[in-house]
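A.B. asks: One structure follows; several queries about it will come next.
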Amino acid sequence: MKVIHKCLVISGLLFSSAAFSHGGVELTKTMPKDDAMLMSAPQTLELSFSAKLQLMKVTLSKKNGDEIDFGFTPSREAEADYSWELPELSPATYNVEWIAMGSDGHKMKDSYSFMVH
């Protein structure tokens, strides 16, 4: 019975640490901020994370689906902070979507939006 108990405890520790490593990276800051209503177009797009990761894809698109080219290329090195200069954005609602890979190979993705008046 003690052997079974030890196995269960060890299994629990292994699986819980794996779960923590996958969920440990968070998007900590965006510029423009999520749900921002801006009176003028932003000059840059910035994403900051709680740990280094590789951004595989970032898209900026209008609500109608038109994508805005801002020169994104997938990162070769893991970083925590990313920044791109933006072209002049017209008044519209914009959506930012990103896909990243953590140091453990775990894929993460999320999105947020902002509005330019």
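Numbering starts fresh at 1 for the residues of each chain in the structure tokens, the chains themselves are lettered A, B, ... in the order given, and ligands are numbered from 1 as they appear.
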Apply DSSP to the structure's backbone, then extract all residues of chain A labelled alpha helix (DSSP H) and return them as an mmCIF file with N, CA and C atoms, in the first residue's frame.

C.D. replies:
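Ended up saving to states.cif:
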data_model
loop_
_atom_site.group_PDB
_atom_site.id
_atom_site.type_symbol
_atom_site.label_atom_id
_atom_site.label_comp_id
_atom_site.auth_asym_id
_atom_site.auth_seq_id
_atom_site.Cartn_x
_atom_site.Cartn_y
_atom_site.Cartn_z
ATOM 1 N N LYS A 2 1.987 1.211 0.745
ATOM 2 C CA LYS A 2 2.879 2.366 0.781
ATOM 3 C C LYS A 2 3.501 2.627 -0.585
ATOM 4 N N VAL A 3 3.793 1.557 -1.322
ATOM 5 C CA VAL A 3 4.385 1.701 -2.654
ATOM 6 C C VAL A 3 3.403 2.405 -3.592
ATOM 7 N N ILE A 4 2.140 2.015 -3.539
ATOM 8 C CA ILE A 4 1.117 2.643 -4.381
ATOM 9 C C ILE A 4 0.976 4.112 -4.017
ATOM 10 N N HIS A 5 0.975 4.414 -2.737
ATOM 11 C CA HIS A 5 0.861 5.800 -2.284
ATOM 12 C C HIS A 5 2.037 6.633 -2.796
ATOM 13 N N LYS A 6 3.248 6.095 -2.697
ATOM 14 C CA LYS A 6 4.430 6.817 -3.176
ATOM 15 C C LYS A 6 4.344 7.057 -4.683
ATOM 16 N N CYS A 7 3.898 6.063 -5.424
ATOM 17 C CA CYS A 7 3.762 6.209 -6.877
ATOM 18 C C CYS A 7 2.750 7.294 -7.230
ATOM 19 N N LEU A 8 1.641 7.323 -6.508
ATOM 20 C CA LEU A 8 0.629 8.345 -6.756
ATOM 21 C C LEU A 8 1.153 9.740 -6.446
ATOM 22 N N VAL A 9 1.891 9.875 -5.354
ATOM 23 C CA VAL A 9 2.456 11.176 -4.983
ATOM 24 C C VAL A 9 3.455 11.636 -6.038
ATOM 25 N N ILE A 10 4.343 10.747 -6.466
ATOM 26 C CA ILE A 10 5.345 11.100 -7.477
ATOM 27 C C ILE A 10 4.670 11.466 -8.796
ATOM 28 N N SER A 11 3.669 10.692 -9.202
ATOM 29 C CA SER A 11 2.940 10.992 -10.439
ATOM 30 C C SER A 11 2.271 12.358 -10.356
ATOM 31 N N GLY A 12 1.666 12.643 -9.231
ATOM 32 C CA GLY A 12 1.015 13.937 -9.041
ATOM 33 C C GLY A 12 1.992 15.090 -9.155
ATOM 34 N N LEU A 13 3.169 14.934 -8.571
ATOM 35 C CA LEU A 13 4.179 15.986 -8.655
ATOM 36 C C LEU A 13 4.671 16.179 -10.085
ATOM 37 N N LEU A 14 4.893 15.101 -10.793
ATOM 38 C CA LEU A 14 5.367 15.206 -12.173
ATOM 39 C C LEU A 14 4.343 15.890 -13.065
ATOM 40 N N PHE A 15 3.095 15.467 -12.972
ATOM 41 C CA PHE A 15 2.076 16.053 -13.830
ATOM 42 C C PHE A 15 1.753 17.487 -13.445
ATOM 43 N N SER A 16 1.795 17.820 -12.178
ATOM 44 C CA SER A 16 1.494 19.195 -11.789
ATOM 45 C C SER A 16 2.596 20.134 -12.239
ATOM 46 N N SER A 17 3.860 19.721 -12.185
ATOM 47 C CA SER A 17 4.933 20.602 -12.647
ATOM 48 C C SER A 17 4.866 20.786 -14.154
ATOM 49 N N ALA A 18 4.449 19.767 -14.895
ATOM 50 C CA ALA A 18 4.285 19.911 -16.340
ATOM 51 C C ALA A 18 3.173 20.905 -16.648
ATOM 52 N N ALA A 19 2.106 20.835 -15.896
ATOM 53 C CA ALA A 19 1.002 21.769 -16.109
ATOM 54 C C ALA A 19 1.439 23.194 -15.819
ATOM 55 N N PHE A 20 2.218 23.395 -14.771
ATOM 56 C CA PHE A 20 2.683 24.735 -14.447
ATOM 57 C C PHE A 20 3.622 25.273 -15.518
ATOM 58 N N SER A 21 4.488 24.433 -16.069
ATOM 59 C CA SER A 21 5.422 24.922 -17.082
ATOM 60 C C SER A 21 4.694 25.349 -18.353
ATOM 61 N N HIS A 22 3.591 24.699 -18.696
ATOM 62 C CA HIS A 22 2.846 25.080 -19.892
ATOM 63 C C HIS A 22 2.074 26.371 -19.678
ATOM 64 N N GLY A 23 1.554 26.593 -18.500
ATOM 65 C CA GLY A 23 0.711 27.747 -18.258
ATOM 66 C C GLY A 23 1.433 28.919 -17.654
#

A.B. asks: What's the 7 Å shell around Ser61 in chain A, counting only C-alpha atoms, without same-chain residues fewer than 5 positions away, as a list in words?

C.D. replies: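 So the residues in contact are Asp66, Glu67, Ile68, Tyr94, Asn95 and Val96 of chain A.
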
A.B. asks: Which is closest to Lys52 in chain A among A:Gly24, A:Gly102, A:Pro91, A:Pro74, if we use only C-alpha atoms?

C.D. replies: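 Residue with the minimum atom-to-atom distance to Lys52 in chain A: A:Gly102.
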
A.B. asks: Rank A:Ser111, A:Val58, A:Ala92, A:Glu97 by their smallest atom-to-atom distance to Ser40 in chain A, using only C-alpha atoms, and report the top residue only.

C.D. replies: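 Under the stated criterion, the closest residue is A:Ala92.
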
A.B. asks: For CA of Met115 in chain A and CA of Lys57 in chain A, determine how far apart the two atoms are, in Å to one decimal place.

C.D. replies: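 Atom-to-atom, CA of Met115 in chain A and CA of Lys57 in chain A are spaced 21.3 Å apart.
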
A.B. asks: To one decimal place in Å, what is the distance between CA of Leu38 in chain A and CA of Lys62 in chain A?

C.D. replies: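 Here the two named atoms are 14.6 Å from each other.
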
A.B. asks: So which one's closest to Ala36 in chain A, A:Trp84, A:Gly71, A:Trp98, A:Thr93? Using only C-alpha atoms, please.

C.D. replies: A:Thr93
